[in-house]
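Engineer: Sending over input-v8.txt (compact mmCIF, N, CA and C atoms).
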# COMPACT_ATOMS: atom_id res chain seq x y z
N MET M 248 5.02 -8.08 14.83
CA MET M 248 3.97 -9.02 14.48
C MET M 248 3.98 -10.21 15.43
N ASP M 249 5.14 -10.75 15.71
CA ASP M 249 5.18 -11.94 16.54
C ASP M 249 4.70 -11.67 17.96
N ASP M 250 5.04 -10.51 18.52
CA ASP M 250 4.61 -10.18 19.88
C ASP M 250 3.10 -10.03 19.97
N ARG M 251 2.46 -9.57 18.92
CA ARG M 251 1.02 -9.30 18.92
C ARG M 251 0.19 -10.45 18.34
N ARG M 252 0.84 -11.45 17.81
CA ARG M 252 0.12 -12.53 17.14
C ARG M 252 -1.01 -13.14 17.99
N PRO M 253 -0.83 -13.34 19.29
CA PRO M 253 -1.92 -13.94 20.07
C PRO M 253 -3.20 -13.08 20.11
N ILE M 254 -3.09 -11.78 19.91
CA ILE M 254 -4.29 -10.94 19.97
C ILE M 254 -4.78 -10.51 18.59
N LEU M 255 -4.09 -10.90 17.54
CA LEU M 255 -4.48 -10.53 16.18
C LEU M 255 -5.16 -11.71 15.49
N ASP M 256 -6.47 -11.69 15.47
CA ASP M 256 -7.26 -12.73 14.82
C ASP M 256 -7.10 -12.60 13.30
N LYS M 257 -6.62 -13.65 12.66
CA LYS M 257 -6.37 -13.59 11.22
C LYS M 257 -7.63 -13.36 10.40
N ASP M 258 -8.78 -13.72 10.92
CA ASP M 258 -10.03 -13.50 10.19
C ASP M 258 -10.56 -12.08 10.35
N ARG M 259 -10.09 -11.35 11.36
CA ARG M 259 -10.63 -10.00 11.62
C ARG M 259 -9.55 -8.92 11.66
N THR M 260 -8.35 -9.25 11.27
CA THR M 260 -7.26 -8.27 11.24
C THR M 260 -6.95 -7.94 9.79
N TYR M 261 -6.98 -6.65 9.47
CA TYR M 261 -6.71 -6.19 8.11
C TYR M 261 -5.55 -5.21 8.19
N ILE M 262 -4.53 -5.42 7.39
CA ILE M 262 -3.33 -4.60 7.44
C ILE M 262 -3.24 -3.76 6.16
N PHE M 263 -3.26 -2.45 6.33
CA PHE M 263 -3.09 -1.50 5.23
C PHE M 263 -1.76 -0.79 5.44
N VAL M 264 -0.91 -0.78 4.42
CA VAL M 264 0.42 -0.20 4.57
C VAL M 264 0.66 0.89 3.52
N PRO M 265 0.87 2.13 3.99
CA PRO M 265 1.35 3.17 3.06
C PRO M 265 2.87 3.09 3.02
N GLU M 266 3.42 2.66 1.91
CA GLU M 266 4.86 2.43 1.78
C GLU M 266 5.48 3.51 0.91
N THR M 267 6.33 4.33 1.46
CA THR M 267 7.04 5.35 0.69
C THR M 267 6.05 6.23 -0.08
N CYS M 268 5.30 7.03 0.63
CA CYS M 268 4.21 7.80 0.03
C CYS M 268 4.38 9.30 0.13
N GLY M 269 5.59 9.80 0.12
CA GLY M 269 5.82 11.24 0.28
C GLY M 269 5.59 12.09 -0.95
N GLN M 270 5.78 11.51 -2.11
CA GLN M 270 5.56 12.25 -3.35
C GLN M 270 5.50 11.29 -4.52
N ALA M 271 5.07 11.78 -5.66
CA ALA M 271 4.92 11.03 -6.92
C ALA M 271 3.52 10.42 -7.01
N ARG M 272 3.37 9.40 -7.85
CA ARG M 272 2.05 8.86 -8.17
C ARG M 272 1.76 7.57 -7.39
N PRO M 273 0.62 7.52 -6.71
CA PRO M 273 0.27 6.30 -5.97
C PRO M 273 0.08 5.11 -6.90
N ARG M 274 0.63 3.97 -6.48
CA ARG M 274 0.49 2.69 -7.20
C ARG M 274 0.11 1.63 -6.17
N ILE M 275 -0.84 0.79 -6.51
CA ILE M 275 -1.27 -0.26 -5.60
C ILE M 275 -0.40 -1.49 -5.82
N ILE M 276 0.18 -1.99 -4.74
CA ILE M 276 1.05 -3.17 -4.80
C ILE M 276 0.16 -4.41 -4.70
N THR M 277 0.17 -5.24 -5.72
CA THR M 277 -0.66 -6.45 -5.71
C THR M 277 0.12 -7.69 -5.28
N GLY M 278 1.44 -7.60 -5.30
CA GLY M 278 2.29 -8.70 -4.87
C GLY M 278 3.73 -8.24 -4.83
N GLU M 279 4.57 -9.04 -4.15
CA GLU M 279 5.97 -8.66 -4.04
C GLU M 279 6.82 -9.86 -3.68
N GLY M 280 8.10 -9.75 -3.99
CA GLY M 280 9.04 -10.80 -3.68
C GLY M 280 10.15 -10.84 -4.71
N VAL M 281 11.13 -11.70 -4.51
CA VAL M 281 12.23 -11.84 -5.45
C VAL M 281 12.06 -13.14 -6.22
N GLY M 282 12.20 -14.25 -5.56
CA GLY M 282 12.03 -15.55 -6.22
C GLY M 282 10.58 -15.96 -6.29
N THR M 283 9.92 -15.87 -5.17
CA THR M 283 8.50 -16.20 -5.06
C THR M 283 7.72 -14.92 -4.81
N ILE M 284 6.66 -14.74 -5.55
CA ILE M 284 5.82 -13.56 -5.38
C ILE M 284 4.73 -13.86 -4.36
N GLU M 285 4.71 -13.08 -3.29
CA GLU M 285 3.64 -13.17 -2.29
C GLU M 285 2.53 -12.24 -2.75
N ARG M 286 1.37 -12.78 -3.03
CA ARG M 286 0.23 -11.97 -3.48
C ARG M 286 -0.46 -11.37 -2.26
N HIS M 287 -0.85 -10.12 -2.39
CA HIS M 287 -1.57 -9.46 -1.30
C HIS M 287 -3.04 -9.82 -1.37
N ASP M 288 -3.73 -9.63 -0.27
CA ASP M 288 -5.13 -10.02 -0.17
C ASP M 288 -5.96 -9.35 -1.27
N ALA M 289 -6.65 -10.16 -2.05
CA ALA M 289 -7.40 -9.64 -3.21
C ALA M 289 -8.55 -8.72 -2.79
N ALA M 290 -9.25 -9.05 -1.73
CA ALA M 290 -10.37 -8.21 -1.30
C ALA M 290 -9.90 -6.85 -0.80
N LEU M 291 -8.82 -6.83 -0.02
CA LEU M 291 -8.29 -5.55 0.46
C LEU M 291 -7.72 -4.73 -0.68
N THR M 292 -7.02 -5.39 -1.59
CA THR M 292 -6.49 -4.69 -2.75
C THR M 292 -7.64 -4.12 -3.58
N GLY M 293 -8.71 -4.88 -3.71
CA GLY M 293 -9.89 -4.40 -4.42
C GLY M 293 -10.48 -3.17 -3.74
N ALA M 294 -10.46 -3.14 -2.41
CA ALA M 294 -10.97 -1.97 -1.69
C ALA M 294 -10.11 -0.74 -1.99
N LEU M 295 -8.81 -0.91 -2.14
CA LEU M 295 -7.95 0.22 -2.52
C LEU M 295 -8.28 0.69 -3.94
N PHE M 296 -8.52 -0.26 -4.84
CA PHE M 296 -8.85 0.10 -6.22
C PHE M 296 -10.22 0.74 -6.37
N SER M 297 -11.10 0.50 -5.43
CA SER M 297 -12.46 0.98 -5.59
C SER M 297 -12.60 2.49 -5.44
N ARG M 298 -11.56 3.14 -5.00
CA ARG M 298 -11.57 4.60 -4.92
C ARG M 298 -12.06 5.15 -6.26
N ARG M 299 -12.96 6.05 -6.22
CA ARG M 299 -13.56 6.59 -7.45
C ARG M 299 -12.48 7.00 -8.45
N GLN M 300 -12.38 6.25 -9.52
CA GLN M 300 -11.36 6.50 -10.53
C GLN M 300 -11.57 7.83 -11.25
N THR M 301 -12.77 8.35 -11.24
CA THR M 301 -13.04 9.60 -11.93
C THR M 301 -12.50 10.81 -11.17
N ASP M 302 -12.07 10.60 -9.93
CA ASP M 302 -11.57 11.70 -9.10
C ASP M 302 -10.14 12.10 -9.45
N ARG M 303 -9.49 11.36 -10.30
CA ARG M 303 -8.09 11.66 -10.57
C ARG M 303 -7.82 11.59 -12.07
N PRO M 304 -6.83 12.33 -12.51
CA PRO M 304 -6.54 12.34 -13.94
C PRO M 304 -6.02 11.00 -14.46
N ARG M 305 -5.33 10.24 -13.60
CA ARG M 305 -4.80 8.94 -14.01
C ARG M 305 -5.31 7.90 -13.04
N PRO M 306 -5.73 6.75 -13.53
CA PRO M 306 -6.21 5.70 -12.63
C PRO M 306 -5.06 5.13 -11.80
N LEU M 307 -5.42 4.47 -10.72
CA LEU M 307 -4.42 3.78 -9.91
C LEU M 307 -3.96 2.54 -10.67
N ASP M 308 -2.68 2.44 -10.93
CA ASP M 308 -2.15 1.28 -11.63
C ASP M 308 -1.60 0.28 -10.63
N PRO M 309 -1.83 -1.00 -10.89
CA PRO M 309 -1.24 -2.02 -10.02
C PRO M 309 0.24 -2.20 -10.34
N ILE M 310 0.96 -2.72 -9.38
CA ILE M 310 2.36 -3.05 -9.61
C ILE M 310 2.71 -4.27 -8.75
N VAL M 311 3.51 -5.17 -9.32
CA VAL M 311 4.10 -6.28 -8.58
C VAL M 311 5.56 -5.92 -8.40
N LEU M 312 5.99 -5.83 -7.15
CA LEU M 312 7.39 -5.49 -6.85
C LEU M 312 8.23 -6.75 -6.86
N ARG M 313 9.22 -6.78 -7.71
CA ARG M 313 10.10 -7.95 -7.82
C ARG M 313 11.49 -7.66 -7.27
N THR M 314 11.56 -6.65 -6.42
CA THR M 314 12.85 -6.24 -5.87
C THR M 314 13.01 -6.59 -4.40
N GLY M 315 12.07 -7.32 -3.86
CA GLY M 315 12.13 -7.67 -2.44
C GLY M 315 10.81 -7.32 -1.78
N GLY M 316 10.82 -7.30 -0.47
CA GLY M 316 9.59 -7.05 0.27
C GLY M 316 9.51 -5.64 0.83
N THR M 317 8.29 -5.26 1.17
CA THR M 317 8.03 -3.99 1.84
C THR M 317 7.52 -4.31 3.24
N ASP M 318 6.99 -3.32 3.90
CA ASP M 318 6.43 -3.53 5.24
C ASP M 318 5.11 -4.31 5.18
N ILE M 319 4.64 -4.64 4.00
CA ILE M 319 3.45 -5.47 3.84
C ILE M 319 3.81 -6.94 4.04
N THR M 320 5.02 -7.31 3.68
CA THR M 320 5.45 -8.71 3.69
C THR M 320 5.27 -9.42 5.03
N PRO M 321 5.65 -8.82 6.17
CA PRO M 321 5.49 -9.57 7.43
C PRO M 321 4.07 -10.05 7.69
N GLY M 322 3.08 -9.24 7.37
CA GLY M 322 1.70 -9.68 7.55
C GLY M 322 1.30 -10.74 6.54
N THR M 323 1.67 -10.53 5.29
CA THR M 323 1.29 -11.45 4.22
C THR M 323 1.87 -12.84 4.46
N VAL M 324 3.15 -12.95 4.78
CA VAL M 324 3.77 -14.27 4.94
C VAL M 324 3.28 -14.99 6.19
N ARG M 325 2.69 -14.26 7.12
CA ARG M 325 2.12 -14.88 8.33
C ARG M 325 0.64 -15.21 8.17
N GLY M 326 0.09 -14.97 6.97
CA GLY M 326 -1.27 -15.36 6.70
C GLY M 326 -2.33 -14.32 7.02
N TYR M 327 -1.92 -13.09 7.28
CA TYR M 327 -2.89 -12.02 7.53
C TYR M 327 -3.33 -11.39 6.21
N LYS M 328 -4.50 -10.79 6.25
CA LYS M 328 -5.00 -10.06 5.09
C LYS M 328 -4.27 -8.72 5.06
N ALA M 329 -3.47 -8.48 4.04
CA ALA M 329 -2.64 -7.28 3.99
C ALA M 329 -2.59 -6.74 2.56
N CYS M 330 -2.40 -5.43 2.47
CA CYS M 330 -2.25 -4.78 1.18
C CYS M 330 -1.60 -3.42 1.39
N GLY M 331 -1.27 -2.76 0.31
CA GLY M 331 -0.68 -1.44 0.45
C GLY M 331 -0.42 -0.77 -0.87
N LEU M 332 0.09 0.42 -0.76
CA LEU M 332 0.47 1.15 -1.96
C LEU M 332 1.74 1.92 -1.69
N LEU M 333 2.37 2.34 -2.77
CA LEU M 333 3.54 3.19 -2.67
C LEU M 333 3.47 4.19 -3.80
N CYS M 334 4.27 5.22 -3.71
CA CYS M 334 4.29 6.25 -4.75
C CYS M 334 5.59 6.15 -5.53
N LEU M 335 5.44 6.15 -6.86
CA LEU M 335 6.59 6.01 -7.74
C LEU M 335 6.61 7.14 -8.76
N ASP M 336 7.81 7.50 -9.16
CA ASP M 336 7.95 8.55 -10.17
C ASP M 336 7.79 7.94 -11.57
N GLU M 337 8.05 8.72 -12.59
CA GLU M 337 7.86 8.25 -13.97
C GLU M 337 8.79 7.11 -14.36
N ASP M 338 9.86 6.89 -13.59
CA ASP M 338 10.77 5.77 -13.83
C ASP M 338 10.47 4.57 -12.93
N ASP M 339 9.30 4.59 -12.26
CA ASP M 339 8.90 3.55 -11.31
C ASP M 339 9.89 3.42 -10.15
N CYS M 340 10.39 4.55 -9.70
CA CYS M 340 11.28 4.59 -8.54
C CYS M 340 10.63 5.45 -7.45
N PRO M 341 10.81 5.09 -6.19
CA PRO M 341 10.30 5.95 -5.12
C PRO M 341 11.22 7.16 -4.96
N PRO M 342 10.71 8.37 -5.12
CA PRO M 342 11.57 9.56 -5.03
C PRO M 342 12.23 9.70 -3.66
N ASN M 343 13.48 10.03 -3.67
CA ASN M 343 14.25 10.35 -2.46
C ASN M 343 14.43 9.19 -1.49
N TYR M 344 14.05 8.01 -1.84
CA TYR M 344 14.06 6.89 -0.92
C TYR M 344 15.45 6.61 -0.36
N HIS M 345 15.62 6.85 0.92
CA HIS M 345 16.88 6.64 1.65
C HIS M 345 18.06 7.46 1.12
N TRP M 346 17.77 8.59 0.51
CA TRP M 346 18.81 9.51 0.07
C TRP M 346 18.88 10.66 1.07
N HIS M 347 19.87 11.51 0.92
CA HIS M 347 19.97 12.68 1.80
C HIS M 347 18.80 13.64 1.58
N THR M 348 18.11 13.47 0.45
CA THR M 348 16.94 14.29 0.14
C THR M 348 15.65 13.71 0.73
N ASP M 349 15.75 12.61 1.45
CA ASP M 349 14.60 11.95 2.06
C ASP M 349 14.28 12.65 3.39
N VAL M 350 13.70 13.84 3.26
CA VAL M 350 13.40 14.69 4.43
C VAL M 350 11.95 15.18 4.33
N PRO M 351 11.35 15.53 5.45
CA PRO M 351 9.95 15.98 5.45
C PRO M 351 9.66 17.13 4.49
N GLU M 352 10.63 18.01 4.31
CA GLU M 352 10.41 19.16 3.42
C GLU M 352 10.13 18.74 1.98
N ASN M 353 10.55 17.53 1.60
CA ASN M 353 10.34 17.06 0.24
C ASN M 353 9.06 16.23 0.08
N CYS M 354 8.26 16.17 1.10
CA CYS M 354 6.95 15.51 0.98
C CYS M 354 5.97 16.46 0.32
N ASP M 355 5.18 15.93 -0.58
CA ASP M 355 4.19 16.71 -1.30
C ASP M 355 2.83 16.57 -0.61
N PRO M 356 2.29 17.66 -0.08
CA PRO M 356 0.99 17.59 0.62
C PRO M 356 -0.14 17.03 -0.25
N ASP M 357 -0.14 17.33 -1.55
CA ASP M 357 -1.19 16.81 -2.42
C ASP M 357 -1.10 15.28 -2.55
N THR M 358 0.11 14.77 -2.66
CA THR M 358 0.29 13.32 -2.73
C THR M 358 -0.16 12.68 -1.42
N MET M 359 0.24 13.26 -0.31
CA MET M 359 -0.15 12.72 0.99
C MET M 359 -1.67 12.73 1.14
N ARG M 360 -2.32 13.75 0.65
CA ARG M 360 -3.79 13.84 0.70
C ARG M 360 -4.42 12.74 -0.15
N LYS M 361 -3.88 12.50 -1.35
CA LYS M 361 -4.40 11.44 -2.22
C LYS M 361 -4.28 10.08 -1.53
N VAL M 362 -3.11 9.82 -0.98
CA VAL M 362 -2.88 8.54 -0.30
C VAL M 362 -3.84 8.39 0.87
N THR M 363 -3.98 9.43 1.66
CA THR M 363 -4.89 9.39 2.81
C THR M 363 -6.32 9.12 2.36
N ASP M 364 -6.75 9.79 1.30
CA ASP M 364 -8.10 9.60 0.78
C ASP M 364 -8.32 8.16 0.30
N ILE M 365 -7.34 7.60 -0.38
CA ILE M 365 -7.45 6.22 -0.87
C ILE M 365 -7.60 5.25 0.29
N PHE M 366 -6.75 5.40 1.30
CA PHE M 366 -6.82 4.49 2.45
C PHE M 366 -8.11 4.70 3.25
N GLU M 367 -8.52 5.95 3.41
CA GLU M 367 -9.73 6.22 4.17
C GLU M 367 -10.94 5.56 3.51
N GLU M 368 -11.05 5.70 2.21
CA GLU M 368 -12.18 5.07 1.52
C GLU M 368 -12.11 3.55 1.60
N ALA M 369 -10.92 2.99 1.46
CA ALA M 369 -10.77 1.53 1.54
C ALA M 369 -11.17 1.03 2.94
N ILE M 370 -10.79 1.75 3.97
CA ILE M 370 -11.14 1.33 5.33
C ILE M 370 -12.65 1.44 5.54
N ARG M 371 -13.28 2.46 4.97
CA ARG M 371 -14.75 2.56 5.05
C ARG M 371 -15.42 1.36 4.37
N ILE M 372 -14.87 0.93 3.25
CA ILE M 372 -15.41 -0.24 2.55
C ILE M 372 -15.28 -1.48 3.43
N VAL M 373 -14.12 -1.66 4.03
CA VAL M 373 -13.90 -2.81 4.91
C VAL M 373 -14.89 -2.76 6.08
N ASP M 374 -15.06 -1.60 6.69
CA ASP M 374 -16.01 -1.47 7.81
C ASP M 374 -17.42 -1.82 7.39
N ALA M 375 -17.82 -1.43 6.18
CA ALA M 375 -19.19 -1.64 5.74
C ALA M 375 -19.45 -3.04 5.18
N GLU M 376 -18.45 -3.64 4.54
CA GLU M 376 -18.70 -4.85 3.77
C GLU M 376 -18.03 -6.11 4.28
N PHE M 377 -17.03 -5.99 5.13
CA PHE M 377 -16.31 -7.21 5.55
C PHE M 377 -16.89 -7.76 6.85
For this file, write the structure as structure tokens.
Structural biologist:
Amino acid sequence: MDDRRPILDKDRTYIFVPETCGQARPRIITGEGVGTIERHDAALTGALFSRRQTDRPRPLDPIVLRTGGTDITPGTVRGYKACGLLCLDEDDCPPNYHWHTDVPENCDPDTMRKVTDIFEEAIRIVDAEF
């Protein structure tokens, strides 16, 4: 981020981050932090939520991560418009995260397709409306 800061206009740079999206259920991260919660850009987060909710059996649920930061944090704390999502299992844990089972073979193609579709639609919204 620091090396590219001179060419990244804060008014026209939008950061979308797929964080730990290999399997499980997509969740939109609306904020994160330990002591202080850094809120993600409301308009970009709204673009992620605007994905047609009728296309899936369960709606996208928001989550505030209180366990630290993700790859969204560097953009957010520097004042860029940033947002993202991650996939969590039924215990709100990212499956296989940094375990020996964290290998490509354990990625679920359907989950990856859902995540790709969500981001693709959000980027189309940004292109059309921002």
Engineer: Taking only chain M into account, list the residues labelled alpha helix (DSSP H) by DSSP (computed from the backbone), as an NGL selection string.
Structural biologist: :M and (289-296 or 320-324 or 356-376)
Engineer: What is the atom C of M:Val362-atom C of M:Pro321 distance in Å, reported with one decimal?
Structural biologist: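 Between atom C of M:Val362 and atom C of M:Pro321 the gap works out to 21.2 Å.
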Engineer: Please determine, counting only C-alpha atoms, which residue among M:Phe377, M:Tyr327, M:Tyr261, M:Trp346 has the shortest atom-to-atom distance to M:Arg286.
Structural biologist: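 For M:Arg286, the nearest of the given residues is M:Tyr327.
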Engineer: Could you state the separation of atom N of M:Asp339 and atom N of M:Arg274 in Å, given to one decimal place?
Structural biologist: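 Computing the Euclidean distance for atom N of M:Asp339 and atom N of M:Arg274 yields 10.4 Å.
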Engineer: If you run DSSP on this backbone, which residues of chain M come out as strand (DSSP E or B), and could you give them as an MDAnalysis selection string?
Structural biologist: chainID M and resid 261:266 272:280 285:286 308:312 315 328:335
Engineer: Please list, as a list in words, the residues that have an atom at most 8 Å away from (6.6, 2.7, 2.2) in the coordinates of this file, counting all atoms listed in the file.
Structural biologist: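 Protein, DNA and RNA residues close to (6.6, 2.7, 2.2): Val264, Pro265, Glu266, Thr267, Cys268, Gly269, Thr317, Asp318, Ile319, Leu332, Leu333 and Cys334 of chain M.
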Engineer: As a ChimeraX atom specification, please: the residues near stretch 348-353 of chain M (cut-off 7 Å, all atoms listed in the file, same-chain neighbours under 5 positions excluded).
Structural biologist: /M:269-270,342-343
